[in-house]
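Peer 1: For reference, the structure I am asking about is given below.
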Amino acid sequence: MRVRMLLGWMLAGALPAAQAEILIGGFPSWEQTTHPLSVFASDATGSAAPLRRLEGPATQLMTPAFGVYEPGEDVIYVSDFYGEAVRVYPARAGGDVAPLRVLDPPSLAQTRASAPVPAHGELVVISTNCCIYTYPLDGDGADVEPLRRINWGGVSGSLTQLANPFALTYLPASDEVAVLDYDGDGTTKVVFHARTANGFVAPTRVLKSAYTDRARGMAHDPAAGTLMVLVEETVGEDRRALIRIFDAAAAGTDAPLRTIAGPATQLSMPSSTSYYPTGLGYDADRDRLMVAISSNGDPAANRLLVFDAAADGDVAPLQVLAGETLGPGTLGTPFAVPDIREPDDILLRDGFDGP
């Protein structure tokens, strides 16, 4: 009876639409040694409390600065910058939960971001704050060797054009890895490499111009074929963050397709404050962009803004989360996990109590 009703609801399209939880970690303040990974409801606003937090000695987490959801295993890969590891947890873990596995070979060192590529059994990672390394997706422990390495280019630039990569995403359509990179001249660019590249190799393309300067975060929407770049710029005496949306195939000095910017976005930052944008995430389930804005030394002023991914121009955010509930230090890059309920749970919660 229960299975038949569930199937009937599925065929009729009556099951609740998939939602997603918003996750945000970061870097601890000077007074603390760890920062939690906080999980919020998909519609959370204001000073809403997190649904749960991943924190405690068993988690081994110090600085969950970046995370990404992998649906094949239903897990999250969390980059622990100061912990020099990528830690893997159940997607909906909370509390003081030990990781399922830990990738922490000496070759990894400080890592800012990763991208699982399940089709090839690989995890592409920013390693040692300088390079792009690829490890086995199921890698566990300190003895894991990289499958491939795209090496540092040096601050003066060389063939790989890697100086200081700090954000990373994978583009399945072109089988490329893209990183945001602080260049030797202080500007910022997007460097694209073939996933299979190894050693000292030239990038497939580079996106660099005034449009990418002072970039602070990056995300990719494979379905729309777009690359979103969070940048900071000065306007008069004030600063503002804005989101530039490029075609995923953009290169050279190509202009963005559109830009999310203006007073209504709440991305403006008075020059007298220490606000700065710290991360951009994309929620594929809700087709939304998530922007983290940190206030140096004052976590009560931290903010997380959510926009429709199709937004253009001076538009208000759909949601604004603010305050110390986001975390006690500097915010990292937000990401999302689908809120998937078990069939029995769906039926019981929605009024069906068994045969």
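Letters A, B, ... go to the chains of the structure tokens in the order shown; residues in each chain start at 1; ligands are counted from 1 in the same order.
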Please provide the set of residues having any atom within 12 Å of Leu257 of chain A, restricted to only C-alpha atoms, with same-chain residues fewer than 3 positions apart removed, written as a short mmCIF file (atom, residue, chain, number, x, y, z; two decimals) with N, CA and C atoms, in the first residue's frame.
Peer 2:
data_model
loop_
_atom_site.label_atom_id
_atom_site.label_comp_id
_atom_site.auth_asym_id
_atom_site.auth_seq_id
_atom_site.Cartn_x
_atom_site.Cartn_y
_atom_site.Cartn_z
N TYR A 211 37.39 43.21 -16.24
CA TYR A 211 36.19 42.52 -15.76
C TYR A 211 36.51 41.48 -14.68
N ALA A 224 23.30 26.04 -17.57
CA ALA A 224 23.18 27.29 -18.31
C ALA A 224 24.43 27.61 -19.13
N GLY A 225 25.53 26.90 -18.85
CA GLY A 225 26.78 27.16 -19.56
C GLY A 225 27.37 28.51 -19.21
N THR A 226 27.32 28.86 -17.91
CA THR A 226 27.82 30.15 -17.47
C THR A 226 28.87 29.99 -16.37
N LEU A 227 29.72 30.98 -16.29
CA LEU A 227 30.74 31.06 -15.25
C LEU A 227 30.50 32.37 -14.51
N MET A 228 30.29 32.29 -13.20
CA MET A 228 29.97 33.46 -12.40
C MET A 228 31.20 33.87 -11.59
N VAL A 229 31.54 35.15 -11.64
CA VAL A 229 32.72 35.65 -10.95
C VAL A 229 32.31 36.79 -10.02
N ILE A 243 28.55 40.66 -9.17
CA ILE A 243 28.68 39.34 -9.77
C ILE A 243 28.61 39.49 -11.28
N ARG A 244 29.67 39.10 -11.95
CA ARG A 244 29.69 39.13 -13.41
C ARG A 244 29.48 37.72 -13.93
N ILE A 245 28.54 37.57 -14.85
CA ILE A 245 28.20 36.27 -15.42
C ILE A 245 28.73 36.20 -16.84
N PHE A 246 29.66 35.26 -17.06
CA PHE A 246 30.30 35.08 -18.37
C PHE A 246 29.78 33.81 -19.03
N ASP A 247 29.90 33.78 -20.34
CA ASP A 247 29.75 32.50 -21.04
C ASP A 247 30.87 31.59 -20.55
N ALA A 248 30.56 30.32 -20.32
CA ALA A 248 31.57 29.39 -19.81
C ALA A 248 32.74 29.20 -20.78
N ALA A 249 32.56 29.57 -22.04
CA ALA A 249 33.63 29.46 -23.03
C ALA A 249 34.41 30.76 -23.19
N ALA A 250 34.16 31.74 -22.33
CA ALA A 250 34.82 33.04 -22.47
C ALA A 250 36.33 32.92 -22.32
N ASP A 254 36.99 38.91 -23.06
CA ASP A 254 35.55 38.82 -23.31
C ASP A 254 34.76 39.51 -22.20
N ILE A 260 25.26 41.51 -11.96
CA ILE A 260 24.38 41.79 -10.82
C ILE A 260 25.10 42.82 -9.96
N ALA A 310 19.42 33.84 -12.41
CA ALA A 310 19.09 34.54 -13.66
C ALA A 310 18.98 36.04 -13.47
N ALA A 311 19.29 36.53 -12.27
CA ALA A 311 19.16 37.95 -11.99
C ALA A 311 20.08 38.78 -12.87
N ASP A 312 19.68 40.03 -13.09
CA ASP A 312 20.45 40.92 -13.94
C ASP A 312 20.27 42.34 -13.43
N GLY A 313 21.36 43.05 -13.25
CA GLY A 313 21.27 44.44 -12.88
C GLY A 313 21.12 44.67 -11.38
#
Peer 1: Please give the complete set of residues from segment 54-239 of chain A that DSSP, run on the backbone, assigns to helix (DSSP H, G or I), formatted as a ChimeraX atom specification.
Peer 2: /A:57-59,118-120
Peer 1: If you measure from atom CA of Asp339 of chain A to atom CA of Asp74 of chain A, what distance in Å do you get, rounded to one decimal?
Peer 2: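 It comes out at 11.0 Å.
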Peer 1: Which residue, A:Leu242, A:Val68, A:Val102, A:Ala251, has the smallest gap to Tyr276 of chain A when you use only C-alpha atoms?
Peer 2: A:Leu242
Peer 1: Hey, what's within 8 Å of segment 190-192 of chain A if we count only C-alpha atoms and toss same-chain stuff fewer than 6 positions away? As a list in words, please?
Peer 2: Gln161, Leu162, Glu176, Val177, Ala178, Val179, Leu180, Asp181, Pro203, Thr204, Arg205, Val206, Leu207, Lys208 and Thr212 of chain A
Peer 1: Could you write out the selected residues, including N, CA and C atoms, as a short mmCIF file (atom, residue, chain, number, x, y, z; two decimals), in the first residue's frame?
Peer 2:
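File written: result22.cif
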data_model
loop_
_atom_site.label_atom_id
_atom_site.label_comp_id
_atom_site.auth_asym_id
_atom_site.auth_seq_id
_atom_site.Cartn_x
_atom_site.Cartn_y
_atom_site.Cartn_z
N GLN A 161 50.90 29.43 -15.90
CA GLN A 161 50.24 30.67 -15.51
C GLN A 161 49.54 30.55 -14.15
N LEU A 162 50.04 29.67 -13.29
CA LEU A 162 49.54 29.56 -11.93
C LEU A 162 50.47 30.34 -11.01
N GLU A 176 37.40 20.82 -18.50
CA GLU A 176 38.44 21.73 -18.04
C GLU A 176 38.28 22.01 -16.56
N VAL A 177 39.38 22.39 -15.96
CA VAL A 177 39.38 22.91 -14.59
C VAL A 177 39.69 24.40 -14.67
N ALA A 178 38.90 25.21 -13.96
CA ALA A 178 39.13 26.66 -13.94
C ALA A 178 39.51 27.08 -12.53
N VAL A 179 40.51 27.96 -12.41
CA VAL A 179 40.88 28.51 -11.11
C VAL A 179 40.93 30.02 -11.20
N LEU A 180 40.52 30.69 -10.11
CA LEU A 180 40.81 32.11 -9.94
C LEU A 180 42.22 32.22 -9.40
N ASP A 181 42.98 33.16 -9.92
CA ASP A 181 44.40 33.22 -9.60
C ASP A 181 44.85 34.66 -9.46
N PRO A 203 47.92 26.63 -20.24
CA PRO A 203 46.47 26.55 -20.07
C PRO A 203 45.77 26.47 -21.42
N THR A 204 44.57 25.96 -21.41
CA THR A 204 43.77 25.94 -22.64
C THR A 204 43.32 27.34 -23.02
N ARG A 205 43.13 28.21 -22.01
CA ARG A 205 42.76 29.61 -22.23
C ARG A 205 42.88 30.37 -20.92
N VAL A 206 42.85 31.67 -21.03
CA VAL A 206 42.90 32.55 -19.85
C VAL A 206 41.88 33.67 -20.06
N LEU A 207 41.10 33.96 -19.04
CA LEU A 207 40.15 35.07 -19.06
C LEU A 207 40.70 36.14 -18.13
N LYS A 208 41.14 37.25 -18.71
CA LYS A 208 41.76 38.29 -17.89
C LYS A 208 41.54 39.66 -18.51
N THR A 212 37.71 40.93 -14.69
CA THR A 212 38.06 39.89 -13.71
C THR A 212 38.96 40.42 -12.59
#
Peer 1: Which residues, written as a ChimeraX atom specification, have at least one atom at most 12 Å from Asn198 of chain A, with only C-alpha atoms counted and residues fewer than 3 positions away on the same chain left out?
Peer 2: /A:131-134,146-152,159-160,193-195,201-203
Peer 1: Print the selection's residues with N, CA and C atoms to a file, as a compact mmCIF listing (two decimals), in the first residue's frame.
Peer 2:
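Wrote out.txt, looks like this:
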# COMPACT_ATOMS: atom_id res chain seq x y z
N CYS A 131 49.13 25.18 -6.79
CA CYS A 131 49.10 24.22 -7.91
C CYS A 131 47.75 23.53 -8.00
N ILE A 132 47.55 22.81 -9.07
CA ILE A 132 46.35 22.00 -9.24
C ILE A 132 46.77 20.54 -9.27
N TYR A 133 46.38 19.78 -8.26
CA TYR A 133 46.70 18.36 -8.20
C TYR A 133 45.42 17.55 -8.33
N THR A 134 45.54 16.37 -8.89
CA THR A 134 44.42 15.45 -9.02
C THR A 134 44.72 14.18 -8.24
N PRO A 146 49.40 11.95 -5.84
CA PRO A 146 48.62 12.58 -6.91
C PRO A 146 48.67 11.75 -8.19
N LEU A 147 47.55 11.73 -8.89
CA LEU A 147 47.52 11.12 -10.22
C LEU A 147 48.20 12.03 -11.24
N ARG A 148 48.00 13.34 -11.06
CA ARG A 148 48.60 14.34 -11.95
C ARG A 148 48.85 15.61 -11.16
N ARG A 149 49.78 16.44 -11.67
CA ARG A 149 50.09 17.73 -11.04
C ARG A 149 50.25 18.78 -12.12
N ILE A 150 49.54 19.88 -11.98
CA ILE A 150 49.79 21.06 -12.81
C ILE A 150 50.56 22.02 -11.91
N ASN A 151 51.78 22.31 -12.27
CA ASN A 151 52.73 22.93 -11.35
C ASN A 151 52.64 24.45 -11.31
N TRP A 152 53.27 24.99 -10.28
CA TRP A 152 53.29 26.42 -10.05
C TRP A 152 54.02 27.13 -11.19
N LEU A 159 54.78 28.88 -17.96
CA LEU A 159 53.90 28.19 -18.88
C LEU A 159 52.53 27.88 -18.29
N THR A 160 52.46 27.43 -17.04
CA THR A 160 51.16 27.05 -16.46
C THR A 160 50.29 28.26 -16.11
N HIS A 193 42.61 24.91 -17.42
CA HIS A 193 43.49 23.82 -17.83
C HIS A 193 42.65 22.59 -18.17
N ALA A 194 43.12 21.82 -19.11
CA ALA A 194 42.49 20.53 -19.38
C ALA A 194 42.56 19.67 -18.13
N ARG A 195 41.50 18.94 -17.84
CA ARG A 195 41.51 18.08 -16.66
C ARG A 195 42.68 17.10 -16.70
N VAL A 201 52.52 22.73 -18.16
CA VAL A 201 51.76 22.77 -19.41
C VAL A 201 51.04 24.10 -19.52
N ALA A 202 50.79 24.52 -20.75
CA ALA A 202 50.08 25.77 -20.98
C ALA A 202 48.59 25.59 -20.72
N PRO A 203 47.92 26.63 -20.24
CA PRO A 203 46.47 26.55 -20.07
C PRO A 203 45.77 26.47 -21.42
Peer 1: Restricting the calculation to only C-alpha atoms, which member of A:Pro263, A:Pro36, A:Gly139, A:Gly236 is positioned closest to Arg87 of chain A?
Peer 2: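 Smallest separation from Arg87 of chain A among the options: A:Gly139.
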Peer 1: Quick one: of A:Val125, A:Ala115, A:Ile22, A:Ala173, who's nearest to Phe81 of chain A, counting only C-alpha atoms?
Peer 2: A:Val125
Peer 1: Rank nothing, just name the residue among A:Arg216, A:Pro118, A:Tyr82, A:Pro50 nearest to Glu70 of chain A, using only C-alpha atoms.
Peer 2: A:Pro118
